[in-house]
file structure_19.txt (compact mmCIF, C-alpha atoms)
# COMPACT_ATOMS: atom_id res chain seq x y z
CA MET U 1 0.99 -33.21 105.05
CA ARG U 2 2.28 -30.86 102.39
CA SER U 3 5.82 -32.18 102.82
CA ARG U 4 4.54 -35.79 102.52
CA LEU U 5 3.09 -35.00 99.08
CA PHE U 6 6.37 -33.37 98.16
CA LEU U 7 8.10 -36.72 98.69
CA TRP U 8 6.21 -38.20 95.72
CA VAL U 9 7.62 -35.66 93.27
CA PRO U 10 10.82 -37.63 92.45
CA LEU U 11 8.81 -40.81 91.87
CA ALA U 12 6.38 -38.93 89.67
CA LEU U 13 9.29 -37.49 87.69
CA PHE U 14 10.80 -40.96 87.32
CA ALA U 15 7.48 -42.40 86.17
CA PHE U 16 7.14 -39.57 83.66
CA PHE U 17 10.58 -40.22 82.14
CA ALA U 18 10.06 -44.00 82.14
CA GLY U 19 6.75 -43.47 80.37
CA LEU U 20 8.34 -41.06 77.89
CA ALA U 21 11.13 -43.56 77.15
CA GLY U 22 8.59 -46.35 76.69
CA TYR U 23 6.53 -44.19 74.35
CA MET U 24 9.54 -43.13 72.28
CA LEU U 25 10.55 -46.79 71.87
CA THR U 26 7.29 -47.42 70.03
CA GLN U 27 7.83 -44.49 67.66
CA ASP U 28 9.40 -44.92 64.25
CA LYS U 29 12.98 -43.76 64.16
CA THR U 30 14.24 -42.22 60.98
CA GLU U 31 17.82 -43.12 60.17
CA PHE U 32 18.01 -40.53 57.41
CA VAL U 33 20.22 -37.51 57.66
CA GLU U 34 18.71 -34.79 55.51
CA SER U 35 20.97 -32.52 53.54
CA ALA U 36 21.17 -28.95 54.82
CA MET U 37 22.04 -27.87 51.26
CA ILE U 38 18.44 -27.63 49.99
CA GLY U 39 18.00 -24.11 48.63
CA GLN U 40 21.78 -23.68 48.34
CA SER U 41 23.80 -23.50 45.17
CA LEU U 42 25.28 -26.79 43.96
CA PRO U 43 29.00 -26.75 44.89
CA ASP U 44 31.50 -26.69 42.05
CA PHE U 45 32.84 -30.06 40.95
CA ALA U 46 34.19 -31.86 37.90
CA LEU U 47 34.33 -35.66 37.91
CA LYS U 48 35.99 -37.95 35.39
CA PRO U 49 33.78 -40.44 33.49
CA ALA U 50 32.75 -43.45 35.60
CA PHE U 51 33.27 -45.71 32.55
CA ASP U 52 34.11 -45.14 28.92
CA GLY U 53 30.54 -45.31 27.63
CA LEU U 54 29.35 -41.90 28.93
CA PRO U 55 30.99 -38.54 29.63
CA GLY U 56 31.87 -37.49 33.20
CA ALA U 57 29.87 -34.96 35.16
CA ALA U 58 30.59 -31.41 36.26
CA ARG U 59 28.52 -28.68 37.90
CA SER U 60 28.24 -26.91 34.53
CA ASP U 61 26.47 -29.99 33.09
CA LEU U 62 23.63 -29.51 35.56
CA VAL U 63 23.10 -25.78 35.09
CA GLY U 64 20.89 -24.14 32.47
CA GLY U 65 17.94 -25.37 30.43
CA GLN U 66 15.54 -27.72 32.18
CA PRO U 67 15.75 -28.83 35.83
CA ARG U 68 17.61 -32.12 36.13
CA LEU U 69 17.96 -35.00 38.53
CA LEU U 70 21.33 -35.69 40.13
CA ASN U 71 21.35 -39.35 41.13
CA ILE U 72 23.93 -40.54 43.68
CA TRP U 73 24.35 -44.28 43.26
CA ALA U 74 26.80 -47.17 43.03
CA SER U 75 26.92 -50.54 41.30
CA TRP U 76 27.56 -52.22 44.69
CA CYS U 77 24.38 -50.74 46.17
CA LEU U 78 21.46 -53.18 46.27
CA PRO U 79 18.60 -50.62 46.52
CA CYS U 80 20.04 -49.02 43.36
CA ILE U 81 18.98 -52.17 41.46
CA ALA U 82 15.41 -51.71 42.72
CA GLU U 83 15.58 -48.06 41.72
CA ALA U 84 16.87 -48.64 38.17
CA PRO U 85 13.46 -49.22 36.48
CA GLN U 86 12.02 -46.13 38.18
CA LEU U 87 14.89 -43.99 36.86
CA GLU U 88 14.18 -45.38 33.38
CA ALA U 89 10.51 -44.45 33.80
CA LEU U 90 11.56 -40.89 34.71
CA GLN U 91 13.88 -40.78 31.70
CA ALA U 92 11.00 -41.94 29.51
CA GLN U 93 9.05 -38.90 30.74
CA GLY U 94 11.82 -36.67 29.37
CA VAL U 95 13.79 -36.09 32.56
CA GLU U 96 17.54 -35.72 32.20
CA ILE U 97 19.37 -37.73 34.86
CA VAL U 98 23.01 -37.11 35.67
CA GLY U 99 24.62 -39.86 37.73
CA ILE U 100 27.43 -39.81 40.24
CA ALA U 101 28.89 -43.25 40.96
CA ILE U 102 30.32 -43.50 44.48
CA ARG U 103 33.53 -45.52 44.98
CA ASP U 104 32.95 -47.57 41.87
CA ARG U 105 35.00 -49.39 39.23
CA PRO U 106 34.46 -48.73 35.50
CA GLU U 107 33.84 -52.41 34.70
CA ASP U 108 31.28 -52.69 37.54
CA VAL U 109 29.46 -49.56 36.34
CA ALA U 110 29.35 -50.93 32.77
CA ASN U 111 28.06 -54.32 34.01
CA PHE U 112 25.37 -52.71 36.17
CA LEU U 113 24.10 -50.56 33.28
CA ALA U 114 24.12 -53.55 30.91
CA ARG U 115 22.05 -55.58 33.37
CA HIS U 116 19.71 -52.96 34.81
CA GLY U 117 19.46 -50.35 32.04
CA ASN U 118 21.03 -46.94 31.57
CA PRO U 119 18.86 -43.89 32.32
CA TYR U 120 21.83 -41.48 32.53
CA THR U 121 23.21 -38.89 30.13
CA ARG U 122 26.44 -38.60 32.11
CA ILE U 123 28.06 -40.40 35.04
CA GLY U 124 30.89 -38.93 37.06
CA ALA U 125 33.14 -41.12 39.21
CA ASP U 126 33.37 -39.97 42.82
CA ASP U 127 36.08 -42.28 44.14
CA ILE U 128 36.47 -40.58 47.54
CA SER U 129 32.84 -39.41 48.04
CA GLU U 130 33.96 -35.78 47.81
CA VAL U 131 30.98 -34.53 45.80
CA GLN U 132 28.64 -36.66 47.92
CA LEU U 133 29.96 -34.95 51.07
CA ALA U 134 29.90 -31.53 49.42
CA ILE U 135 26.16 -31.77 48.72
CA GLY U 136 25.23 -33.25 52.09
CA SER U 137 24.33 -36.73 50.89
CA SER U 138 24.86 -39.49 53.45
CA GLY U 139 24.23 -42.65 51.47
CA VAL U 140 23.29 -44.34 48.22
CA PRO U 141 20.96 -44.00 46.48
CA GLU U 142 19.92 -40.39 46.83
CA THR U 143 18.42 -38.13 44.20
CA PHE U 144 18.57 -34.34 44.05
CA VAL U 145 16.53 -31.93 41.93
CA ILE U 146 18.80 -29.22 40.50
CA ASP U 147 17.17 -26.19 38.86
CA ALA U 148 18.45 -24.21 35.86
CA ALA U 149 20.28 -21.76 38.14
CA GLY U 150 22.19 -24.64 39.74
CA VAL U 151 20.30 -24.48 43.04
CA ILE U 152 19.57 -27.74 44.90
CA ARG U 153 15.78 -27.74 45.22
CA TYR U 154 14.83 -31.16 46.59
CA GLN U 155 16.41 -34.29 48.03
CA HIS U 156 14.99 -37.79 47.81
CA ILE U 157 16.68 -40.20 50.26
CA GLY U 158 16.71 -43.91 49.50
CA ASP U 159 15.60 -45.75 46.39
CA ILE U 160 12.92 -44.20 44.22
CA ARG U 161 9.71 -46.27 44.32
CA GLU U 162 6.91 -46.12 41.81
CA SER U 163 4.94 -43.93 44.22
CA ASP U 164 7.81 -41.41 44.36
CA ILE U 165 7.73 -40.68 40.63
CA PRO U 166 4.78 -38.21 40.74
CA ILE U 167 6.48 -36.44 43.68
CA LEU U 168 9.75 -36.10 41.77
CA LEU U 169 7.96 -34.94 38.61
CA ALA U 170 6.10 -32.33 40.67
CA GLU U 171 9.35 -31.15 42.26
CA LEU U 172 10.96 -30.89 38.82
CA GLU U 173 7.94 -28.87 37.65
CA LYS U 174 8.23 -26.60 40.71
CA ALA U 175 11.92 -26.05 39.96
CA ARG U 176 11.16 -24.91 36.43
CA MET V 1 24.13 -86.54 60.21
CA ILE V 2 27.05 -84.97 58.34
CA ARG V 3 24.57 -83.11 56.16
CA VAL V 4 22.75 -81.73 59.15
CA LEU V 5 26.06 -80.64 60.64
CA LEU V 6 27.11 -79.01 57.37
CA ALA V 7 23.79 -77.22 57.11
CA PHE V 8 24.23 -76.06 60.68
CA LEU V 9 27.75 -74.80 59.92
CA ALA V 10 26.52 -73.03 56.80
CA ALA V 11 23.94 -71.24 58.93
CA LEU V 12 26.75 -69.93 61.10
CA ILE V 13 28.53 -68.21 58.22
CA ALA V 14 27.75 -64.51 58.38
CA LEU V 15 27.40 -62.92 54.98
CA PRO V 16 27.13 -59.12 54.81
CA LEU V 17 23.59 -58.04 54.04
CA SER V 18 24.51 -55.22 51.71
CA ALA V 19 27.50 -55.24 49.46
CA GLN V 20 30.26 -52.75 50.01
CA ASP V 21 32.56 -51.26 47.47
CA THR V 22 35.96 -52.77 46.76
CA MET V 23 37.73 -49.50 45.98
CA PRO V 24 40.93 -48.62 47.84
CA PRO V 25 40.39 -46.11 50.66
CA ALA V 26 40.95 -42.40 50.09
CA PRO V 27 44.62 -41.36 50.52
CA TYR V 28 44.16 -39.84 53.98
CA ALA V 29 41.51 -42.28 55.25
CA TYR V 30 44.05 -44.44 57.07
CA ASN V 31 47.29 -42.51 56.57
CA GLN V 32 48.30 -39.94 59.12
CA LEU V 33 49.59 -36.51 58.24
CA ASP V 34 53.40 -36.22 58.35
CA ASP V 35 53.32 -33.28 60.75
CA PRO V 36 52.44 -34.67 64.23
CA ALA V 37 50.96 -31.34 65.35
CA LEU V 38 48.59 -31.21 62.35
CA GLU V 39 47.72 -34.91 62.79
CA ALA V 40 46.86 -34.29 66.46
CA LYS V 41 44.60 -31.42 65.40
CA ALA V 42 42.90 -33.59 62.77
CA THR V 43 42.47 -36.55 65.15
CA ALA V 44 40.95 -34.39 67.87
CA LEU V 45 38.43 -33.06 65.33
CA MET V 46 37.65 -36.52 63.92
CA HIS V 47 36.70 -37.77 67.38
CA THR V 48 33.98 -35.11 67.55
CA LEU V 49 32.41 -35.74 64.11
CA ARG V 50 29.62 -38.24 63.66
CA CYS V 51 29.89 -41.03 61.12
CA LEU V 52 26.79 -40.70 58.90
CA LYS V 53 26.62 -44.40 58.03
CA CYS V 54 27.11 -45.70 61.58
CA GLN V 55 25.52 -43.01 63.60
CA SER V 56 26.70 -43.91 67.08
CA GLN V 57 30.36 -43.78 66.12
CA SER V 58 32.71 -40.93 65.41
CA ILE V 59 34.49 -40.94 62.07
CA ALA V 60 37.70 -41.71 63.98
CA ASP V 61 36.14 -44.93 65.32
CA SER V 62 34.44 -46.18 62.17
CA ASP V 63 35.71 -48.39 59.38
CA ALA V 64 32.82 -47.50 57.06
CA PRO V 65 34.14 -46.36 53.67
CA MET V 66 32.25 -43.09 54.03
CA ALA V 67 33.90 -42.41 57.40
CA GLY V 68 37.25 -42.96 55.66
CA ASP V 69 36.27 -40.45 53.00
CA MET V 70 35.29 -37.98 55.74
CA ARG V 71 38.64 -38.49 57.49
CA HIS V 72 40.30 -37.77 54.16
CA GLN V 73 38.37 -34.50 53.95
CA VAL V 74 39.38 -33.55 57.50
CA ARG V 75 43.08 -34.36 57.03
CA SER V 76 43.43 -32.80 53.59
CA ARG V 77 41.64 -29.64 54.75
CA ILE V 78 43.83 -29.39 57.88
CA LEU V 79 46.85 -29.83 55.60
CA ALA V 80 45.52 -27.03 53.36
CA GLY V 81 45.52 -24.73 56.38
CA GLU V 82 41.85 -24.78 57.38
CA SER V 83 41.08 -24.59 61.10
CA PRO V 84 39.09 -27.37 62.84
CA ALA V 85 36.30 -24.84 63.44
CA GLN V 86 36.11 -24.07 59.71
CA ILE V 87 35.94 -27.77 58.81
CA ARG V 88 33.23 -28.40 61.42
CA ALA V 89 31.26 -25.44 60.04
CA TRP V 90 31.66 -26.83 56.50
CA LEU V 91 30.16 -30.15 57.57
CA VAL V 92 27.40 -28.58 59.70
CA ALA V 93 26.42 -26.49 56.65
CA ARG V 94 25.85 -29.80 54.83
CA TYR V 95 24.46 -32.15 57.47
CA GLY V 96 23.20 -29.85 60.22
CA ASP V 97 24.25 -29.94 63.90
CA TYR V 98 23.72 -33.68 63.73
CA VAL V 99 27.16 -34.32 62.27
CA SER V 100 28.91 -32.68 65.20
CA TYR V 101 29.27 -34.33 68.60
CA THR V 102 30.27 -31.04 70.20
CA PRO V 103 27.14 -29.58 71.76
CA THR V 104 26.18 -26.06 70.84
CA VAL V 105 23.70 -23.76 72.57
CA SER V 106 20.79 -23.14 70.20
CA ALA V 107 17.06 -22.46 70.29
CA SER V 108 16.32 -26.15 70.86
CA THR V 109 19.25 -27.11 73.13
CA TRP V 110 19.41 -24.24 75.66
CA PRO V 111 17.31 -26.12 78.30
CA LEU V 112 20.04 -28.79 78.42
CA PHE V 113 22.40 -26.15 79.73
CA ALA V 114 19.90 -24.05 81.69
CA ILE V 115 18.13 -26.83 83.65
CA PRO V 116 21.22 -28.21 85.48
CA ALA V 117 22.29 -24.68 86.44
CA LEU V 118 18.75 -23.98 87.68
CA LEU V 119 18.68 -27.25 89.67
CA ILE V 120 22.00 -26.44 91.34
CA LEU V 121 20.65 -23.01 92.30
CA ILE V 122 17.50 -24.55 93.80
CA VAL V 123 19.50 -27.16 95.72
CA ALA V 124 21.84 -24.45 97.01
CA ALA V 125 18.87 -22.35 98.14
CA VAL V 126 17.25 -25.31 99.93
CA LEU V 127 20.53 -26.26 101.60
CA LEU V 128 21.17 -22.72 102.78
CA ARG V 129 17.68 -22.47 104.24
CA ARG V 130 17.97 -25.80 106.08
CA LEU V 131 21.45 -25.09 107.40
CA GLY V 132 20.32 -21.62 108.41
CA ARG V 133 17.34 -23.09 110.27
CA ARG V 134 19.54 -25.63 112.09
CA HIS V 135 21.82 -22.80 113.15
CA ALA V 136 18.85 -20.88 114.44
CA ASP V 137 17.56 -24.01 116.30
CA ALA V 138 20.98 -24.57 117.85
CA GLY V 139 21.00 -20.93 118.89
CA ASP V 140 17.59 -21.34 120.60
CA ALA V 141 18.69 -24.46 122.48
CA SER V 142 21.75 -22.89 124.04

call {"tool": "encode", "arguments": {"input": "structure_19.txt", "output": "structure tokens"}}
result
Amino acid sequence: MRSRLFLWVPLALFAFFAGLAGYMLTQDKTEFVESAMIGQSLPDFALKPAFDGLPGAARSDLVGGQPRLLNIWASWCLPCIAEAPQLEALQAQGVEIVGIAIRDRPEDVANFLARHGNPYTRIGADDISEVQLAIGSSGVPETFVIDAAGVIRYQHIGDIRESDIPILLAELEKAR
Amino acid sequence: MIRVLLAFLAALIALPLSAQDTMPPAPYAYNQLDDPALEAKATALMHTLRCLKCQSQSIADSDAPMAGDMRHQVRSRILAGESPAQIRAWLVARYGDYVSYTPTVSASTWPLFAIPALLILIVAAVLLRRLGRRHADAGDAS
């Protein structure tokens, strides 16, 4: 009798895994890859200007004074259009935003800013995504909070929505 | 009729959902290193690194611009004398274990390695017992 019951163990195991697979299919899957650089020092970089209207961006531009936002974006990125008014709202609150344009052309950057507004003080051109890879960003747009010591304190993945603004302001305050 | 057909044809045209950049690829995205030995080293490493934009592909398999930029990092770092292990560590420091397809034993992954070994031990024990019993039975019969 005991050995008969034992025969059901494989079926029970199979049912368990089938159930687990079915359950996991109903769960939300996050496609985001979080940066492992939170709490680490911003790597050294110096990027040329993304267009001739603003200076380029280097690590030294993000260090010292108030905490700043480092916004990874591109003119070819559709969510960046949705994000543009939110960045302007943050700028209106006195936040300094340094941009890094990924794989972008100067004329496209200028057109994007003319159409969607310019919340940046500087924009560096990252033509081969080297700074993006160095800070652990895996897409556009992403926004990092950098404190006065040059430490990466927070990462926002995806476009900034209106509801994200208080979160970012709080993170900037925390980084002070 | 023609209009319906045209509308139908138009529906068949696939337009990319999100725009991609039009910049030329990074120098070493599609160009191999001149030294075949270094290129082999770089290629072997690229097959074990995950593309972050297209997460079921390695950066060697993907045509995403970001995968090209990652290949450029791998090749230029190999050329600069870094070892594949150093480059993997550099990426893992930025994206976590996720970026690497090579499994590592860690606090969360050790059961993956321990359970098969344990199962083999159990199976071996069961087999030995059964075979031993059959031997004993055969001994009784003779």

call {"tool": "residues_near_point", "arguments": {"input": "structure_19.txt", "point": "(12.8, -43.9, 55.9)", "cutoff": "7 Å", "atoms": "only C-alpha atoms", "output": "mmCIF file with C-alpha atoms, in the frame of the given file"}}
result
data_model
loop_
_atom_site.group_PDB
_atom_site.id
_atom_site.type_symbol
_atom_site.label_atom_id
_atom_site.label_comp_id
_atom_site.auth_asym_id
_atom_site.auth_seq_id
_atom_site.Cartn_x
_atom_site.Cartn_y
_atom_site.Cartn_z
ATOM 1 C CA THR U 30 14.240 -42.220 60.980
ATOM 2 C CA GLU U 31 17.820 -43.120 60.170
ATOM 3 C CA PHE U 32 18.010 -40.530 57.410
#

call {"tool": "closest_atom_pairs", "arguments": {"input": "structure_19.txt", "of": "chain U", "to": "chain V", "cutoff": "12 Å", "atoms": "all atoms listed in the file", "output": "Markdown table"}}
result
| residue | atom | partner | partner_atom | distance |
| --- | --- | --- | --- | --- |
| U:Thr30 | CA | V:Gln55 | CA | 11.6 |
| U:Glu31 | CA | V:Gln55 | CA | 8.4 |
| U:Phe32 | CA | V:Leu52 | CA | 8.9 |
| U:Val33 | CA | V:Tyr95 | CA | 6.8 |
| U:Glu34 | CA | V:Tyr95 | CA | 6.6 |
| U:Ser35 | CA | V:Tyr95 | CA | 5.3 |
| U:Ala36 | CA | V:Arg94 | CA | 4.8 |
| U:Met37 | CA | V:Arg94 | CA | 5.6 |
| U:Ile38 | CA | V:Arg94 | CA | 9.1 |
| U:Gly39 | CA | V:Arg94 | CA | 11.5 |
| U:Gln40 | CA | V:Arg94 | CA | 9.8 |
| U:Ser41 | CA | V:Arg94 | CA | 11.7 |
| U:Leu42 | CA | V:Arg94 | CA | 11.3 |
| U:Pro43 | CA | V:Arg94 | CA | 10.9 |
| U:Trp73 | CA | V:Asp21 | CA | 11.6 |
| U:Ala74 | CA | V:Asp21 | CA | 8.3 |
| U:Ser75 | CA | V:Asp21 | CA | 8.4 |
| U:Trp76 | CA | V:Ala19 | CA | 5.6 |
| U:Cys77 | CA | V:Ala19 | CA | 6.4 |
| U:Leu78 | CA | V:Ser18 | CA | 6.6 |
| U:Pro79 | CA | V:Ser18 | CA | 9.1 |
| U:Cys80 | CA | V:Ser18 | CA | 11.3 |
| U:Ala101 | CA | V:Asp21 | CA | 11.0 |
| U:Ile102 | CA | V:Asp21 | CA | 8.6 |
| U:Arg103 | CA | V:Met23 | CA | 5.9 |
| U:Asp104 | CA | V:Met23 | CA | 6.6 |
| U:Arg105 | CA | V:Met23 | CA | 7.3 |
| U:Pro106 | CA | V:Met23 | CA | 11.0 |
| U:Asp108 | CA | V:Asp21 | CA | 10.1 |
| U:Val109 | CA | V:Asp21 | CA | 11.7 |
| U:Ala125 | CA | V:Met23 | CA | 11.7 |
| U:Asp126 | CA | V:Asp69 | CA | 10.6 |
| U:Asp127 | CA | V:Met23 | CA | 7.6 |
| U:Ile128 | CA | V:Asp69 | CA | 5.5 |
| U:Ser129 | CA | V:Asp69 | CA | 6.1 |
| U:Glu130 | CA | V:Asp69 | CA | 7.4 |
| U:Val131 | CA | V:Asp69 | CA | 10.7 |
| U:Gln132 | CA | V:Met66 | CA | 9.6 |
| U:Leu133 | CA | V:Arg94 | CA | 7.6 |
| U:Ala134 | CA | V:Arg94 | CA | 7.0 |
| U:Ile135 | CA | V:Arg94 | CA | 6.4 |
| U:Gly136 | CA | V:Arg94 | CA | 4.4 |
| U:Ser137 | CA | V:Tyr95 | CA | 8.0 |
| U:Ser138 | CA | V:Leu52 | CA | 5.9 |
| U:Gly139 | CA | V:Lys53 | CA | 7.2 |
| U:Val140 | CA | V:Lys53 | CA | 10.4 |
| U:Ile152 | CA | V:Arg94 | CA | 11.9 |

call {"tool": "atom_distance", "arguments": {"input": "structure_19.txt", "atom1": "CA of Thr26 in chain U", "atom2": "CA of Asp61 in chain V"}}
result
29.3 Å

call {"tool": "axis_aligned_box", "arguments": {"input": "structure_19.txt", "around": "range 48-51 of chain V", "padding_each_side": "6 Å", "output": "JSON"}}
result
{"center_x": 31.8, "center_y": -38.1, "center_z": 64.3, "size_x": 16.4, "size_y": 17.9, "size_z": 18.4}

call {"tool": "atom_distance", "arguments": {"input": "structure_19.txt", "atom1": "CA of Val95 in chain U", "atom2": "CA of Ile165 in chain U"}}
result
11.1 Å

call {"tool": "residues_around", "arguments": {"input": "structure_19.txt", "residues": "Ala110 in chain U", "least_positions_apart": "3", "cutoff": "10 Å", "atoms": "only C-alpha atoms", "output": "number ranges by chain"}}
result
U: 50-54, 75, 105-107, 113-115, 117-118

call {"tool": "atom_distance", "arguments": {"input": "structure_19.txt", "atom1": "CA of Gly81 in chain V", "atom2": "CA of Ser60 in chain U"}}
result
27.9 Å

call {"tool": "residues_around", "arguments": {"input": "structure_19.txt", "residues": "Leu45 in chain V", "least_positions_apart": "2", "cutoff": "10 Å", "atoms": "only C-alpha atoms", "output": "PDB file with C-alpha atoms, in the frame of the given file"}}
result
ATOM      1  CA  GLU V  39      47.720 -34.910  62.790  1.00  0.00           C
ATOM      2  CA  ALA V  40      46.860 -34.290  66.460  1.00  0.00           C
ATOM      3  CA  LYS V  41      44.600 -31.420  65.400  1.00  0.00           C
ATOM      4  CA  ALA V  42      42.900 -33.590  62.770  1.00  0.00           C
ATOM      5  CA  THR V  43      42.470 -36.550  65.150  1.00  0.00           C
ATOM      6  CA  HIS V  47      36.700 -37.770  67.380  1.00  0.00           C
ATOM      7  CA  THR V  48      33.980 -35.110  67.550  1.00  0.00           C
ATOM      8  CA  LEU V  49      32.410 -35.740  64.110  1.00  0.00           C
ATOM      9  CA  SER V  58      32.710 -40.930  65.410  1.00  0.00           C
ATOM     10  CA  ILE V  59      34.490 -40.940  62.070  1.00  0.00           C
ATOM     11  CA  ALA V  60      37.700 -41.710  63.980  1.00  0.00           C
ATOM     12  CA  ARG V  71      38.640 -38.490  57.490  1.00  0.00           C
ATOM     13  CA  VAL V  74      39.380 -33.550  57.500  1.00  0.00           C
ATOM     14  CA  ARG V  75      43.080 -34.360  57.030  1.00  0.00           C
ATOM     15  CA  ILE V  78      43.830 -29.390  57.880  1.00  0.00           C
ATOM     16  CA  SER V  83      41.080 -24.590  61.100  1.00  0.00           C
ATOM     17  CA  PRO V  84      39.090 -27.370  62.840  1.00  0.00           C
ATOM     18  CA  ALA V  85      36.300 -24.840  63.440  1.00  0.00           C
ATOM     19  CA  ILE V  87      35.940 -27.770  58.810  1.00  0.00           C
ATOM     20  CA  ARG V  88      33.230 -28.400  61.420  1.00  0.00           C
ATOM     21  CA  SER V 100      28.910 -32.680  65.200  1.00  0.00           C
ATOM     22  CA  TYR V 101      29.270 -34.330  68.600  1.00  0.00           C
ATOM     23  CA  THR V 102      30.270 -31.040  70.200  1.00  0.00           C
TER      24      THR V 102
END

call {"tool": "build_atoms", "arguments": {"input": "structure_19.txt", "residues": "range 84-101 of chain V", "atoms": "N, CA and C atoms", "output": "compact mmCIF listing (two decimals), in the coordinates of the input"}}
result
# COMPACT_ATOMS: atom_id res chain seq x y z
N PRO V 84 40.12 -26.39 62.49
CA PRO V 84 39.09 -27.37 62.84
C PRO V 84 37.69 -26.73 62.88
N ALA V 85 37.61 -25.50 63.37
CA ALA V 85 36.30 -24.84 63.44
C ALA V 85 35.72 -24.62 62.05
N GLN V 86 36.58 -24.27 61.09
CA GLN V 86 36.11 -24.07 59.71
C GLN V 86 35.60 -25.38 59.11
N ILE V 87 36.33 -26.47 59.38
CA ILE V 87 35.94 -27.77 58.81
C ILE V 87 34.62 -28.23 59.43
N ARG V 88 34.49 -28.03 60.76
CA ARG V 88 33.23 -28.40 61.42
C ARG V 88 32.08 -27.59 60.82
N ALA V 89 32.32 -26.30 60.61
CA ALA V 89 31.26 -25.44 60.04
C ALA V 89 30.89 -25.90 58.63
N TRP V 90 31.90 -26.34 57.87
CA TRP V 90 31.66 -26.83 56.50
C TRP V 90 30.73 -28.05 56.53
N LEU V 91 30.99 -28.95 57.47
CA LEU V 91 30.16 -30.15 57.57
C LEU V 91 28.77 -29.83 58.13
N VAL V 92 28.70 -28.94 59.12
CA VAL V 92 27.40 -28.58 59.70
C VAL V 92 26.53 -27.90 58.64
N ALA V 93 27.17 -27.14 57.73
CA ALA V 93 26.42 -26.49 56.65
C ALA V 93 25.80 -27.53 55.72
N ARG V 94 26.35 -28.76 55.72
CA ARG V 94 25.85 -29.80 54.83
C ARG V 94 24.94 -30.82 55.51
N TYR V 95 25.21 -31.10 56.78
CA TYR V 95 24.46 -32.15 57.47
C TYR V 95 23.73 -31.66 58.71
N GLY V 96 23.85 -30.37 59.02
CA GLY V 96 23.20 -29.85 60.22
C GLY V 96 24.04 -30.16 61.46
N ASP V 97 23.55 -29.73 62.63
CA ASP V 97 24.25 -29.94 63.90
C ASP V 97 24.50 -31.42 64.16
N TYR V 98 23.68 -32.24 63.53
CA TYR V 98 23.72 -33.68 63.73
C TYR V 98 25.10 -34.28 63.55
N VAL V 99 25.86 -33.73 62.62
CA VAL V 99 27.16 -34.32 62.27
C VAL V 99 28.21 -34.05 63.34
N SER V 100 27.92 -33.07 64.20
CA SER V 100 28.91 -32.68 65.20
C SER V 100 28.53 -33.23 66.57
N TYR V 101 29.52 -33.82 67.25
CA TYR V 101 29.27 -34.33 68.60
C TYR V 101 29.47 -33.24 69.64
